[in-house]
file query12.pdb (PDB, C-alpha atoms, pLDDT in the B column)
ATOM      1  CA  GLY W   1     102.631 124.493  89.277  1.00 68.00           C
ATOM      2  CA  ALA W   2     103.632 122.251  92.133  1.00 82.00           C
ATOM      3  CA  VAL W   3     105.114 118.867  91.318  1.00 90.00           C
ATOM      4  CA  VAL W   4     104.394 115.507  92.875  1.00 94.00           C
ATOM      5  CA  SER W   5     106.574 112.541  92.074  1.00 96.00           C
ATOM      6  CA  GLN W   6     106.081 108.846  92.613  1.00 97.00           C
ATOM      7  CA  HIS W   7     108.614 106.100  92.755  1.00 97.00           C
ATOM      8  CA  PRO W   8     108.774 103.603  91.238  1.00 97.00           C
ATOM      9  CA  SER W   9     106.767 104.321  88.111  1.00 96.00           C
ATOM     10  CA  TRP W  10     106.191 100.610  87.646  1.00 96.00           C
ATOM     11  CA  VAL W  11     106.979  97.475  89.606  1.00 97.00           C
ATOM     12  CA  ILE W  12     106.541  93.765  89.054  1.00 97.00           C
ATOM     13  CA  CYS W  13     106.669  91.479  92.049  1.00 95.00           C
ATOM     14  CA  LYS W  14     105.921  87.930  93.058  1.00 96.00           C
ATOM     15  CA  SER W  15     102.819  87.035  94.960  1.00 96.00           C
ATOM     16  CA  GLY W  16     103.383  87.215  98.691  1.00 96.00           C
ATOM     17  CA  THR W  17     106.016  89.928  98.632  1.00 96.00           C
ATOM     18  CA  SER W  18     105.615  93.494  99.837  1.00 97.00           C
ATOM     19  CA  VAL W  19     106.005  96.570  97.697  1.00 97.00           C
ATOM     20  CA  LYS W  20     106.623 100.130  98.821  1.00 97.00           C
ATOM     21  CA  ILE W  21     105.538 103.123  96.735  1.00 97.00           C
ATOM     22  CA  GLU W  22     106.811 106.603  97.519  1.00 97.00           C
ATOM     23  CA  CYS W  23     104.991 109.862  96.927  1.00 96.00           C
ATOM     24  CA  ARG W  24     106.906 113.108  97.226  1.00 95.00           C
ATOM     25  CA  SER W  25     105.935 116.743  96.938  1.00 92.00           C
ATOM     26  CA  LEU W  26     108.980 118.263  95.317  1.00 92.00           C
ATOM     27  CA  ASP W  27     108.570 121.978  95.809  1.00 87.00           C
ATOM     28  CA  PHE W  28     105.961 122.395  98.490  1.00 86.00           C
ATOM     29  CA  GLN W  29     104.963 120.982 101.826  1.00 87.00           C
ATOM     30  CA  ALA W  30     101.914 118.785 101.883  1.00 85.00           C
ATOM     31  CA  THR W  31     100.124 118.350 105.166  1.00 82.00           C
ATOM     32  CA  THR W  32      97.716 116.000 103.480  1.00 88.00           C
ATOM     33  CA  MET W  33      98.313 113.408 100.805  1.00 92.00           C
ATOM     34  CA  PHE W  34      95.804 111.079  99.235  1.00 94.00           C
ATOM     35  CA  TRP W  35      96.219 107.600  97.801  1.00 96.00           C
ATOM     36  CA  TYR W  36      94.015 106.412  94.959  1.00 95.00           C
ATOM     37  CA  ARG W  37      93.650 103.246  92.989  1.00 95.00           C
ATOM     38  CA  GLN W  38      92.646 103.372  89.347  1.00 90.00           C
ATOM     39  CA  PHE W  39      91.465 100.453  87.263  1.00 83.00           C
ATOM     40  CA  PRO W  40      91.787 100.586  83.463  1.00 78.00           C
ATOM     41  CA  LYS W  41      89.509 103.212  81.955  1.00 72.00           C
ATOM     42  CA  GLN W  42      87.792 103.721  85.272  1.00 78.00           C
ATOM     43  CA  SER W  43      87.647 106.448  87.852  1.00 83.00           C
ATOM     44  CA  LEU W  44      89.944 107.001  90.766  1.00 88.00           C
ATOM     45  CA  MET W  45      88.973 105.250  93.961  1.00 90.00           C
ATOM     46  CA  LEU W  46      90.228 106.939  97.096  1.00 91.00           C
ATOM     47  CA  MET W  47      91.955 104.443  99.337  1.00 94.00           C
ATOM     48  CA  ALA W  48      93.116 106.622 102.183  1.00 94.00           C
ATOM     49  CA  THR W  49      93.922 110.109 103.351  1.00 91.00           C
ATOM     50  CA  SER W  50      97.370 110.544 104.793  1.00 89.00           C
ATOM     51  CA  ASN W  51      98.129 113.289 107.287  1.00 85.00           C
ATOM     52  CA  GLU W  52     101.658 114.123 108.304  1.00 83.00           C
ATOM     53  CA  GLY W  53     102.466 112.827 111.759  1.00 81.00           C
ATOM     54  CA  SER W  54      99.229 110.971 112.310  1.00 83.00           C
ATOM     55  CA  LYS W  55      97.522 107.760 111.288  1.00 86.00           C
ATOM     56  CA  ALA W  56      95.986 107.571 107.862  1.00 91.00           C
ATOM     57  CA  THR W  57      92.245 107.557 107.420  1.00 91.00           C
ATOM     58  CA  TYR W  58      91.134 104.630 105.290  1.00 94.00           C
ATOM     59  CA  GLU W  59      88.043 104.459 103.133  1.00 92.00           C
ATOM     60  CA  GLN W  60      85.471 101.803 103.784  1.00 91.00           C
ATOM     61  CA  GLY W  61      86.503  98.468 102.379  1.00 92.00           C
ATOM     62  CA  VAL W  62      90.227  99.220 102.274  1.00 94.00           C
ATOM     63  CA  GLU W  63      92.295  96.934 104.480  1.00 93.00           C
ATOM     64  CA  LYS W  64      94.604  99.102 106.544  1.00 92.00           C
ATOM     65  CA  ASP W  65      96.805  96.143 107.447  1.00 94.00           C
ATOM     66  CA  LYS W  66      97.309  95.346 103.802  1.00 95.00           C
ATOM     67  CA  PHE W  67      97.863  98.868 102.557  1.00 96.00           C
ATOM     68  CA  LEU W  68     100.187 100.479 105.061  1.00 95.00           C
ATOM     69  CA  ILE W  69     100.521 104.222 104.780  1.00 94.00           C
ATOM     70  CA  ASN W  70     103.190 106.307 106.426  1.00 91.00           C
ATOM     71  CA  HIS W  71     103.404 110.083 106.183  1.00 88.00           C
ATOM     72  CA  ALA W  72     106.609 110.751 108.064  1.00 82.00           C
ATOM     73  CA  SER W  73     107.377 114.205 106.702  1.00 89.00           C
ATOM     74  CA  LEU W  74     105.634 117.073 104.965  1.00 89.00           C
ATOM     75  CA  THR W  75     107.064 115.995 101.629  1.00 92.00           C
ATOM     76  CA  LEU W  76     106.883 112.215 101.738  1.00 93.00           C
ATOM     77  CA  SER W  77     104.155 109.635 102.072  1.00 94.00           C
ATOM     78  CA  THR W  78     104.616 105.929 101.423  1.00 95.00           C
ATOM     79  CA  LEU W  79     102.168 103.190 100.572  1.00 96.00           C
ATOM     80  CA  THR W  80     103.255  99.631 101.264  1.00 97.00           C
ATOM     81  CA  VAL W  81     101.249  96.821  99.745  1.00 97.00           C
ATOM     82  CA  THR W  82     101.916  93.911 102.056  1.00 96.00           C
ATOM     83  CA  SER W  83     101.771  90.287 100.941  1.00 95.00           C
ATOM     84  CA  ALA W  84     100.705  91.353  97.496  1.00 96.00           C
ATOM     85  CA  HIS W  85      98.434  89.159  95.425  1.00 95.00           C
ATOM     86  CA  PRO W  86      97.496  89.325  91.729  1.00 95.00           C
ATOM     87  CA  GLU W  87      94.234  91.095  92.575  1.00 94.00           C
ATOM     88  CA  ASP W  88      96.300  93.963  93.975  1.00 95.00           C
ATOM     89  CA  SER W  89      97.650  94.638  90.503  1.00 95.00           C
ATOM     90  CA  SER W  90      96.537  98.135  89.634  1.00 94.00           C
ATOM     91  CA  PHE W  91      97.570 101.709  89.028  1.00 94.00           C
ATOM     92  CA  TYR W  92      98.211 103.551  92.270  1.00 97.00           C
ATOM     93  CA  ILE W  93      98.128 107.342  92.259  1.00 96.00           C
ATOM     94  CA  CYS W  94      98.928 109.797  94.999  1.00 96.00           C
ATOM     95  CA  SER W  95      98.018 113.439  95.282  1.00 94.00           C
ATOM     96  CA  ALA W  96      99.151 116.195  97.589  1.00 91.00           C
ATOM     97  CA  ASP W  97      97.194 119.171  98.810  1.00 84.00           C
ATOM     98  CA  GLN W  98      99.083 122.407  98.656  1.00 72.00           C
ATOM     99  CA  GLY W  99      97.155 123.770 101.588  1.00 67.00           C
ATOM    100  CA  ALA W 100      97.125 127.442 100.611  1.00 61.00           C
ATOM    101  CA  SER W 101      94.096 129.604  99.848  1.00 55.00           C
ATOM    102  CA  TYR W 102      92.169 128.212  96.901  1.00 53.00           C
ATOM    103  CA  ASN W 103      94.265 125.130  97.447  1.00 66.00           C
ATOM    104  CA  GLU W 104      94.651 122.596  94.722  1.00 77.00           C
ATOM    105  CA  GLN W 105      95.517 118.928  94.725  1.00 86.00           C
ATOM    106  CA  PHE W 106      98.455 117.937  92.572  1.00 90.00           C
ATOM    107  CA  PHE W 107      98.672 114.411  91.297  1.00 94.00           C
ATOM    108  CA  GLY W 108     101.621 112.124  90.895  1.00 95.00           C
ATOM    109  CA  PRO W 109     102.207 110.236  87.656  1.00 95.00           C
ATOM    110  CA  GLY W 110     101.102 106.963  89.180  1.00 95.00           C
ATOM    111  CA  THR W 111     102.734 103.592  89.844  1.00 97.00           C
ATOM    112  CA  ARG W 112     101.790 100.515  87.868  1.00 96.00           C
ATOM    113  CA  LEU W 113     101.910  97.456  90.140  1.00 96.00           C
ATOM    114  CA  THR W 114     101.818  93.998  88.608  1.00 96.00           C
ATOM    115  CA  VAL W 115     101.762  91.027  90.946  1.00 96.00           C
ATOM    116  CA  LEU W 116     102.615  87.714  89.355  1.00 95.00           C
TER     117      LEU W 116
ATOM    118  CA  ALA Y   1      76.294 112.267 101.378  1.00 78.00           C
ATOM    119  CA  GLN Y   2      77.796 113.585  98.193  1.00 83.00           C
ATOM    120  CA  ARG Y   3      77.882 112.124  94.754  1.00 90.00           C
ATOM    121  CA  VAL Y   4      79.213 113.095  91.353  1.00 94.00           C
ATOM    122  CA  THR Y   5      77.576 111.698  88.244  1.00 95.00           C
ATOM    123  CA  GLN Y   6      78.995 111.770  84.752  1.00 96.00           C
ATOM    124  CA  PRO Y   7      76.332 110.093  82.639  1.00 96.00           C
ATOM    125  CA  GLU Y   8      78.468 109.606  79.542  1.00 95.00           C
ATOM    126  CA  LYS Y   9      81.305 107.115  79.693  1.00 94.00           C
ATOM    127  CA  LEU Y  10      82.258 107.810  76.072  1.00 96.00           C
ATOM    128  CA  LEU Y  11      81.745 110.898  73.934  1.00 97.00           C
ATOM    129  CA  SER Y  12      82.846 111.383  70.350  1.00 97.00           C
ATOM    130  CA  VAL Y  13      82.678 114.514  68.246  1.00 97.00           C
ATOM    131  CA  PHE Y  14      84.288 115.750  65.077  1.00 97.00           C
ATOM    132  CA  LYS Y  15      86.907 118.473  65.084  1.00 97.00           C
ATOM    133  CA  GLY Y  16      85.319 121.908  65.130  1.00 97.00           C
ATOM    134  CA  ALA Y  17      82.072 120.687  66.626  1.00 98.00           C
ATOM    135  CA  PRO Y  18      80.838 121.891  70.009  1.00 97.00           C
ATOM    136  CA  VAL Y  19      81.286 119.561  72.918  1.00 97.00           C
ATOM    137  CA  GLU Y  20      79.595 119.338  76.294  1.00 97.00           C
ATOM    138  CA  LEU Y  21      80.615 116.894  78.997  1.00 98.00           C
ATOM    139  CA  LYS Y  22      77.912 116.542  81.596  1.00 97.00           C
ATOM    140  CA  CYS Y  23      78.407 116.507  85.337  1.00 97.00           C
ATOM    141  CA  ASN Y  24      75.730 116.465  87.999  1.00 97.00           C
ATOM    142  CA  TYR Y  25      76.300 116.417  91.698  1.00 96.00           C
ATOM    143  CA  SER Y  26      74.427 115.908  94.897  1.00 94.00           C
ATOM    144  CA  TYR Y  27      75.519 117.612  98.085  1.00 90.00           C
ATOM    145  CA  SER Y  28      73.517 119.506 100.645  1.00 84.00           C
ATOM    146  CA  GLY Y  29      76.189 122.078 101.433  1.00 84.00           C
ATOM    147  CA  SER Y  30      78.218 124.491  99.285  1.00 84.00           C
ATOM    148  CA  PRO Y  31      80.485 122.414  97.110  1.00 88.00           C
ATOM    149  CA  GLU Y  32      83.605 123.297  95.221  1.00 89.00           C
ATOM    150  CA  LEU Y  33      83.554 121.774  91.754  1.00 92.00           C
ATOM    151  CA  PHE Y  34      86.467 120.880  89.526  1.00 93.00           C
ATOM    152  CA  TRP Y  35      87.200 119.399  86.157  1.00 96.00           C
ATOM    153  CA  TYR Y  36      90.343 117.296  85.868  1.00 95.00           C
ATOM    154  CA  VAL Y  37      91.782 115.984  82.612  1.00 96.00           C
ATOM    155  CA  GLN Y  38      94.022 113.001  81.968  1.00 93.00           C
ATOM    156  CA  TYR Y  39      95.682 112.877  78.571  1.00 94.00           C
ATOM    157  CA  SER Y  40      96.994 109.566  77.305  1.00 91.00           C
ATOM    158  CA  ARG Y  41      99.952 108.368  79.393  1.00 86.00           C
ATOM    159  CA  GLN Y  42      99.975 111.558  81.465  1.00 90.00           C
ATOM    160  CA  ARG Y  43      99.047 112.359  85.011  1.00 92.00           C
ATOM    161  CA  LEU Y  44      95.766 113.796  86.131  1.00 92.00           C
ATOM    162  CA  GLN Y  45      95.806 117.566  86.036  1.00 92.00           C
ATOM    163  CA  LEU Y  46      93.418 120.302  86.969  1.00 92.00           C
ATOM    164  CA  LEU Y  47      91.600 121.832  84.030  1.00 94.00           C
ATOM    165  CA  LEU Y  48      89.429 124.338  85.806  1.00 92.00           C
ATOM    166  CA  ARG Y  49      87.530 125.039  89.011  1.00 88.00           C
ATOM    167  CA  HIS Y  50      84.242 126.820  89.399  1.00 85.00           C
ATOM    168  CA  ILE Y  51      85.503 129.484  91.780  1.00 80.00           C
ATOM    169  CA  SER Y  52      88.008 130.706  89.201  1.00 80.00           C
ATOM    170  CA  ARG Y  53      85.342 131.292  86.565  1.00 77.00           C
ATOM    171  CA  GLU Y  54      87.954 131.230  83.833  1.00 83.00           C
ATOM    172  CA  SER Y  55      88.349 129.624  80.448  1.00 86.00           C
ATOM    173  CA  ILE Y  56      91.176 127.122  80.074  1.00 88.00           C
ATOM    174  CA  LYS Y  57      92.103 125.760  76.636  1.00 92.00           C
ATOM    175  CA  GLY Y  58      88.776 127.088  75.413  1.00 93.00           C
ATOM    176  CA  PHE Y  59      86.805 125.136  77.996  1.00 95.00           C
ATOM    177  CA  THR Y  60      84.331 126.721  80.365  1.00 94.00           C
ATOM    178  CA  ALA Y  61      82.100 125.343  83.066  1.00 94.00           C
ATOM    179  CA  ASP Y  62      79.399 127.094  85.019  1.00 89.00           C
ATOM    180  CA  LEU Y  63      78.104 125.919  88.327  1.00 90.00           C
ATOM    181  CA  ASN Y  64      74.307 125.732  88.209  1.00 91.00           C
ATOM    182  CA  LYS Y  65      73.130 125.279  91.748  1.00 89.00           C
ATOM    183  CA  GLY Y  66      69.493 125.019  90.713  1.00 91.00           C
ATOM    184  CA  GLU Y  67      70.198 122.086  88.449  1.00 92.00           C
ATOM    185  CA  THR Y  68      73.155 120.890  90.557  1.00 94.00           C
ATOM    186  CA  SER Y  69      75.241 120.699  87.417  1.00 95.00           C
ATOM    187  CA  PHE Y  70      78.745 121.666  86.348  1.00 96.00           C
ATOM    188  CA  HIS Y  71      78.874 120.830  82.669  1.00 97.00           C
ATOM    189  CA  LEU Y  72      82.105 121.356  80.733  1.00 97.00           C
ATOM    190  CA  LYS Y  73      81.750 123.058  77.381  1.00 96.00           C
ATOM    191  CA  LYS Y  74      83.887 124.006  74.428  1.00 97.00           C
ATOM    192  CA  PRO Y  75      82.476 125.609  71.292  1.00 97.00           C
ATOM    193  CA  PHE Y  76      84.982 124.128  68.842  1.00 97.00           C
ATOM    194  CA  ALA Y  77      86.620 120.848  69.807  1.00 97.00           C
ATOM    195  CA  GLN Y  78      90.178 120.080  68.734  1.00 97.00           C
ATOM    196  CA  GLU Y  79      91.874 116.719  68.264  1.00 97.00           C
ATOM    197  CA  GLU Y  80      94.222 117.464  71.148  1.00 96.00           C
ATOM    198  CA  ASP Y  81      91.218 117.676  73.451  1.00 97.00           C
ATOM    199  CA  SER Y  82      90.881 113.902  73.254  1.00 97.00           C
ATOM    200  CA  ALA Y  83      91.371 112.700  76.831  1.00 96.00           C
ATOM    201  CA  MET Y  84      89.649 111.384  79.916  1.00 94.00           C
ATOM    202  CA  TYR Y  85      87.753 114.070  81.810  1.00 96.00           C
ATOM    203  CA  TYR Y  86      86.790 113.770  85.447  1.00 96.00           C
ATOM    204  CA  CYS Y  87      84.374 115.964  87.325  1.00 96.00           C
ATOM    205  CA  ALA Y  88      85.150 116.239  91.020  1.00 94.00           C
ATOM    206  CA  LEU Y  89      83.569 117.758  94.096  1.00 93.00           C
ATOM    207  CA  ARG Y  90      85.041 118.937  97.342  1.00 89.00           C
ATOM    208  CA  ARG Y  91      82.981 119.850 100.341  1.00 84.00           C
ATOM    209  CA  GLY Y  92      83.575 123.546 100.876  1.00 69.00           C
ATOM    210  CA  SER Y  93      86.748 125.483 100.155  1.00 53.00           C
ATOM    211  CA  THR Y  94      88.860 123.665 102.707  1.00 53.00           C
ATOM    212  CA  LEU Y  95      91.415 120.932 102.738  1.00 59.00           C
ATOM    213  CA  GLY Y  96      89.753 117.699 101.991  1.00 73.00           C
ATOM    214  CA  ARG Y  97      89.228 114.794  99.700  1.00 83.00           C
ATOM    215  CA  LEU Y  98      87.867 115.019  96.223  1.00 89.00           C
ATOM    216  CA  TYR Y  99      84.887 112.983  95.143  1.00 90.00           C
ATOM    217  CA  PHE Y 100      85.317 111.948  91.518  1.00 93.00           C
ATOM    218  CA  GLY Y 101      82.814 111.025  88.883  1.00 94.00           C
ATOM    219  CA  ARG Y 102      83.514 107.937  86.822  1.00 92.00           C
ATOM    220  CA  GLY Y 103      84.974 109.993  83.987  1.00 94.00           C
ATOM    221  CA  THR Y 104      84.107 110.635  80.353  1.00 96.00           C
ATOM    222  CA  GLN Y 105      86.432 109.582  77.562  1.00 95.00           C
ATOM    223  CA  LEU Y 106      86.300 112.276  74.919  1.00 97.00           C
ATOM    224  CA  THR Y 107      87.441 111.462  71.407  1.00 97.00           C
ATOM    225  CA  VAL Y 108      87.692 114.219  68.833  1.00 98.00           C
ATOM    226  CA  TRP Y 109      87.864 112.870  65.284  1.00 97.00           C
ATOM    227  CA  PRO Y 110      89.687 114.751  62.527  1.00 95.00           C
TER     228      PRO Y 110
END
call {"tool": "encode", "arguments": {"input": "query12.pdb", "output": "structure tokens"}}
result
Amino acid sequence: GAVVSQHPSWVICKSGTSVKIECRSLDFQATTMFWYRQFPKQSLMLMATSNEGSKATYEQGVEKDKFLINHASLTLSTLTVTSAHPEDSSFYICSADQGASYNEQFFGPGTRLTVL
Amino acid sequence: AQRVTQPEKLLSVFKGAPVELKCNYSYSGSPELFWYVQYSRQRLQLLLRHISRESIKGFTADLNKGETSFHLKKPFAQEEDSAMYYCALRRGSTLGRLYFGRGTQLTVWP
């Protein structure tokens, strides 16, 4: 199956700094990528839908100025958590839609963000 | 609006016992339903989708439009089935976001 990678797999940062998380589709082109946030033993909460070459669509309640998403190419989307605070600590997961018939979303392994 | 409900947060069975993870949905159109599984320390992966009508790792799920359900079943649970299971819905067979249920943690005891 198709592979989606995320980098870094974990990051620890100080409060007030910005952190960038990369999501790459390794062997296919993804017109659409999705960013989720997952709390321990809870479901995935969609944060935003990222379309290549256009502005991301954010879910209600997600601050677009805090969670900057860039989808500059068909294989790369980035999520930047700006001025991170401890409450932003979470597991961030991306997925990429393969876009073919009977298309399937492939998920990255996730990035554990800890803000001190 | 659409909604996916997984009523059980936790489910425990003994090895060899049948298991059923419940999923109900609400959506006025024709949904596409999925089951995703997340094993410990692994990424979320697709287990099966209703349009494929196939059995994966012994699991099956039938879309019941009358009851708006998509329950996941396996006749004989194995220890390696222990994982977090998420039911998800997509509106139609097109590109688009998935709507996830809250997930059910399945534990299969030896």
call {"tool": "resolve_selection", "arguments": {"input": "query12.pdb", "expression": "the PyMOL selection byres ((chain W) within 12 of (chain Y))", "output": "PyMOL selection string"}}
result
chain W and resi 1-6+9+30-36+38-51+57-59+91-112
call {"tool": "closest_residue", "arguments": {"input": "query12.pdb", "among": "W:Lys20, W:His7, W:Lys14, W:Lys64", "to": "Thr80 (chain W)", "atoms": "all atoms listed in the file"}}
result
W:Lys20
call {"tool": "atom_distance", "arguments": {"input": "query12.pdb", "atom1": "CA of Ser90 (chain W)", "atom2": "CA of Gln6 (chain Y)"}}
result
22.7 Å
call {"tool": "residues_around", "arguments": {"input": "query12.pdb", "residues": "Gln29 (chain W)", "least_positions_apart": "4", "cutoff": "7 Å", "atoms": "all atoms listed in the file", "output": "ChimeraX atom specification"}}
result
/W:25,74-75,98
call {"tool": "residues_around", "arguments": {"input": "query12.pdb", "residues": "Ser28 (chain Y)", "least_positions_apart": "6", "cutoff": "10 Å", "atoms": "all atoms listed in the file", "output": "list in words"}}
result
Ala1, Gln2 and Arg91 of chain Y
call {"tool": "atom_distance", "arguments": {"input": "query12.pdb", "atom1": "CA of Ile21 (chain W)", "atom2": "CA of Leu48 (chain Y)"}}
result
28.8 Å
call {"tool": "closest_residue", "arguments": {"input": "query12.pdb", "among": "Y:Leu72, Y:Leu106, Y:Ala88, Y:Val4", "to": "Tyr27 (chain Y)", "atoms": "all atoms listed in the file"}}
result
Y:Val4
call {"tool": "axis_aligned_box", "arguments": {"input": "query12.pdb", "around": "region 73-81 of chain Y", "padding_each_side": "3 Å", "output": "lines of an AutoDock Vina configuration file"}}
result
center_x = 88.0
center_y = 121.2
center_z = 72.8
size_x = 18.5
size_y = 14.9
size_z = 15.1
call {"tool": "decode", "arguments": {"input": "query12.pdb", "residues": "region 29-41 of chain Y", "atoms": "N, CA, C and O atoms", "output": "compact mmCIF listing (two decimals), in the first residue's frame"}}
result
# COMPACT_ATOMS: atom_id res chain seq x y z
N GLY Y 29 -27.54 10.98 3.09
CA GLY Y 29 -27.18 10.54 1.76
C GLY Y 29 -26.69 9.10 1.74
O GLY Y 29 -27.02 8.30 2.62
N SER Y 30 -25.90 8.75 0.74
CA SER Y 30 -25.32 7.41 0.63
C SER Y 30 -23.88 7.44 1.14
O SER Y 30 -23.00 7.93 0.45
N PRO Y 31 -23.67 6.91 2.31
CA PRO Y 31 -22.33 7.01 2.89
C PRO Y 31 -21.42 5.87 2.43
O PRO Y 31 -21.88 4.83 1.97
N GLU Y 32 -20.14 6.10 2.62
CA GLU Y 32 -19.16 5.04 2.49
C GLU Y 32 -18.64 4.79 3.90
O GLU Y 32 -18.22 5.73 4.57
N LEU Y 33 -18.68 3.55 4.33
CA LEU Y 33 -18.29 3.23 5.70
C LEU Y 33 -16.99 2.43 5.73
O LEU Y 33 -16.74 1.60 4.86
N PHE Y 34 -16.21 2.70 6.77
CA PHE Y 34 -14.91 2.07 6.92
C PHE Y 34 -14.72 1.63 8.36
O PHE Y 34 -15.29 2.20 9.29
N TRP Y 35 -13.86 0.65 8.51
CA TRP Y 35 -13.31 0.33 9.83
C TRP Y 35 -11.78 0.49 9.74
O TRP Y 35 -11.14 -0.09 8.85
N TYR Y 36 -11.25 1.29 10.66
CA TYR Y 36 -9.81 1.46 10.77
C TYR Y 36 -9.36 0.82 12.09
O TYR Y 36 -10.09 0.79 13.07
N VAL Y 37 -8.13 0.34 12.10
CA VAL Y 37 -7.58 -0.29 13.30
C VAL Y 37 -6.23 0.36 13.63
O VAL Y 37 -5.47 0.75 12.73
N GLN Y 38 -6.00 0.53 14.90
CA GLN Y 38 -4.72 1.08 15.37
C GLN Y 38 -4.16 0.15 16.43
O GLN Y 38 -4.65 0.13 17.57
N TYR Y 39 -3.16 -0.63 16.05
CA TYR Y 39 -2.48 -1.50 17.01
C TYR Y 39 -1.54 -0.64 17.86
O TYR Y 39 -1.17 0.46 17.48
N SER Y 40 -1.16 -1.19 19.01
CA SER Y 40 -0.34 -0.44 19.94
C SER Y 40 0.94 0.06 19.26
O SER Y 40 1.65 -0.71 18.63
N ARG Y 41 1.16 1.36 19.37
CA ARG Y 41 2.38 2.00 18.85
C ARG Y 41 2.49 1.91 17.32
O ARG Y 41 3.59 2.00 16.77
